[in-house]
Amino acid sequence: MAAAAISASAGGGLGFRRRHMRQALTRPYLPLHRFRRAPLLACSDSRAPRAAVVHRRVVTVDARLPAFFAYFSRLLALPAPLVDASLVSLPVPDAPPSFAYLLYLRLTVVFSDLLLLASVILLATDAHRRRRPFLALVLVLWSPSLLSVDHVHFQYNGFLIGLLLLSLHFLERGRDLAGGVVFATLLCSKHLFLVAAPVYFMYLFRHYCCGLGVVRGLGRLVLMGAGVVAVFSAAFAPFVYYGQMQQLFNRLFPFGRGLCHAYWAPNFWVFYITLDKILAFLLRRLGFNIQMPEASFTGGLVGNSSPFVVLPKVTPVTTFLLVMLAMSPCLIKAFSKPQPRHIIRWVSYATTCGFMFGWHVHEKASLHFTIPLALIAMDSLEDAKHYFLLSVVSCYSLFPLLFENQEYPIKVLLLVTYATLMWVGFSSHFTANSAQERKKVNESSSVVKKNSFIGWISFSYILGLVAIELWSRVFHHYVFGDRLPFLPLMMVSLYCGVGMMYSWMWQLAWIVKHT
């Protein structure tokens, strides 16, 4: 989790600590009985893979992901004993993991990314994207955020995002039933994508079920509902049978964990928390009796409350209402004019709303909209400019997840290389446009060449990221020593939050204006 980014208790990179890896591989996950071998490699929001270990009699649940991810981990566990028996042995051996042990874990991530690769190829070769499949592949597969989180931080986000992109591919092709069923499968694999469900519902109801007559429309509604119910039944029937749905719900939606992680995701609540602290500080200076909890949001722990001092306390219901309010223009557009060519943009905006205003948001949730937006970044010069800035900000906001010294050159090199690839790729794409569009592109080509697809304001903003990195790595220690250890991470969250707020407003304006 984000707490791992500022805690010495978490391992990092290819050399993540053996103790945490062993603990992760033995944490109970799914309350399904009578598995002969413990399903391996289910991964949730931690530095190391989280196993799905099931005891025959006493079932202890530590569920962070829905049931289908446990089925996925079971699949990965089947050949594990052929590589290293300790991968599925209980109790967990104390001996250091072998090279084959570690290699197998890494290869499972590579294997799961094949779904992402296939989904990107399908989307990139759609009719209106037939000319740019290679650039789309580069933007997605070389995403430094995805590479850092999956292949260094070690998770399976590529597989899950692959399911999302596959669903979007079906919707763009007009295969709404398949798109809805795949999305239901995604929800049963990772419930955090639930924020996109309102857009899916509005779009599918209007595009798939309405406008065909009452009988045919009702038949399609029943067919779609049956497909979704069948998926959810396959995922949750065992929990219903054993009477564990309430326990599962509490695990999947831990509202008691607080509004923010120890490392704040760069969203709206960063500014709300900061304003609360500034007001509390000023009121104390003016003589008011203001009790300020020490390190209430910066102590590195996930608490059971959100102790605001001056501003009103934020509840999960508040965040839900804000997400729905922010999403409402998109929902209206999806309901009134359900156009397949806009579905990627609508779903991306919905996940952006969840990231900006949601409860207990992890910074890596930005992958849920940056990856889909990469596929439409070539649709216009404005899209390219927006994506260039968004991808840089999103990647930099994930830097604290990789906090060990040996990881630093990796994350910097990934970001610089990706920025260069975007510059070259976008330049080649837009200069190779048709003769009809070339004049319009050339008129703005000087801006593209001089400022890397961005104006001077955005260019200055990116330079600010460099300044914050220099402060965090060099100057903070000399100025404050061991004092204010949270300040560098707070600066990253606040500054990246500005870029994320801009992206959210840009997407909203585009949707209102053009869809």
# chains A, B, ... in the order shown; residues from 1 in each chain; ligands from 1
$ residues_around --residues "A:His169" --least-positions-apart "2" --cutoff "12 Å" --atoms "only C-alpha atoms" --output "ChimeraX atom specification"
/A:116,118-127,129,162-167,171-180,182-183,340-344,372,375
$ select_by_dssp --residues "stretch 260-340 of chain A" --states "alpha helix (DSSP H)" --output "ChimeraX atom specification"
/A:268-285,316-336
$ closest_atom_pairs --of "stretch 443-512 of chain A" --to "stretch 308-330 of chain A" --cutoff "8 Å" --atoms "only C-alpha atoms" --output "JSON lines"
{"residue": "A:Leu508", "atom": "CA", "partner": "A:Cys330", "partner_atom": "CA", "distance": 7.8}
{"residue": "A:Ile511", "atom": "CA", "partner": "A:Cys330", "partner_atom": "CA", "distance": 6.8}
{"residue": "A:Val512", "atom": "CA", "partner": "A:Pro329", "partner_atom": "CA", "distance": 6.9}
$ write_last_selection --atoms "all heavy atoms" --output "short mmCIF file (atom, residue, chain, number, x, y, z; two decimals), in the first residue's frame"
data_model
loop_
_atom_site.label_atom_id
_atom_site.label_comp_id
_atom_site.auth_asym_id
_atom_site.auth_seq_id
_atom_site.Cartn_x
_atom_site.Cartn_y
_atom_site.Cartn_z
N LEU A 508 -13.60 16.84 -18.40
CA LEU A 508 -14.99 17.27 -18.23
C LEU A 508 -15.38 18.27 -19.32
O LEU A 508 -16.45 18.14 -19.94
CB LEU A 508 -15.17 17.89 -16.85
CG LEU A 508 -16.54 18.51 -16.55
CD1 LEU A 508 -17.64 17.48 -16.68
CD2 LEU A 508 -16.54 19.16 -15.18
N ILE A 511 -15.80 16.51 -22.72
CA ILE A 511 -17.02 15.69 -22.80
C ILE A 511 -18.25 16.57 -22.97
O ILE A 511 -19.13 16.30 -23.79
CB ILE A 511 -17.13 14.80 -21.55
CG1 ILE A 511 -16.09 13.67 -21.61
CG2 ILE A 511 -18.54 14.22 -21.42
CD1 ILE A 511 -16.01 12.84 -20.36
N VAL A 512 -18.33 17.65 -22.21
CA VAL A 512 -19.48 18.54 -22.31
C VAL A 512 -19.54 19.21 -23.67
O VAL A 512 -20.61 19.40 -24.25
CB VAL A 512 -19.41 19.60 -21.18
CG1 VAL A 512 -20.48 20.67 -21.39
CG2 VAL A 512 -19.58 18.94 -19.82
#
$ closest_residue --among "A:Leu415, A:Leu487, A:Gln507, A:Met202" --to "A:Ser143" --atoms "only C-alpha atoms"
A:Leu415
$ closest_residue --among "A:Ile273, A:Leu137, A:Ala85, A:Cys188" --to "A:Ala237" --atoms "only C-alpha atoms"
A:Cys188
$ residues_around --residues "A:Trp264" --least-positions-apart "3" --cutoff "8 Å" --atoms "only C-alpha atoms" --output "list in words"
Ala2, Cys260, His261, Val270, His362, Glu363, Met490 and Ser493 of chain A
$ atom_distance --atom1 "atom CA of A:Pro79" --atom2 "atom CA of A:Thr108"
10.8 Å
$ closest_residue --among "A:Leu117, A:Arg220, A:Leu390, A:Arg483" --to "A:Phe134" --atoms "only C-alpha atoms"
A:Leu117
$ residues_around --residues "stretch 457-469 of chain A" --least-positions-apart "5" --cutoff "9 Å" --atoms "only C-alpha atoms" --output "list in words"
Leu389, Val392, Val393, Tyr396, Asn451, Ser452, Val474, Pro488, Met491, Val492, Tyr495, Cys496 and Gly499 of chain A
$ closest_residue --among "A:Leu160, A:Leu259, A:Val229, A:Leu212" --to "A:Phe68" --atoms "only C-alpha atoms"
A:Leu160
$ closest_residue --among "A:Ile332, A:Ala230, A:Leu373, A:Ala136" --to "A:Ser348" --atoms "only C-alpha atoms"
A:Leu373
$ atom_distance --atom1 "atom CA of A:Leu484" --atom2 "atom CA of A:Trp471"
13.1 Å
$ residues_around --residues "A:Phe281" --least-positions-apart "5" --cutoff "12 Å" --atoms "only C-alpha atoms" --output "ChimeraX atom specification"
/A:274-276,286-293,309-310
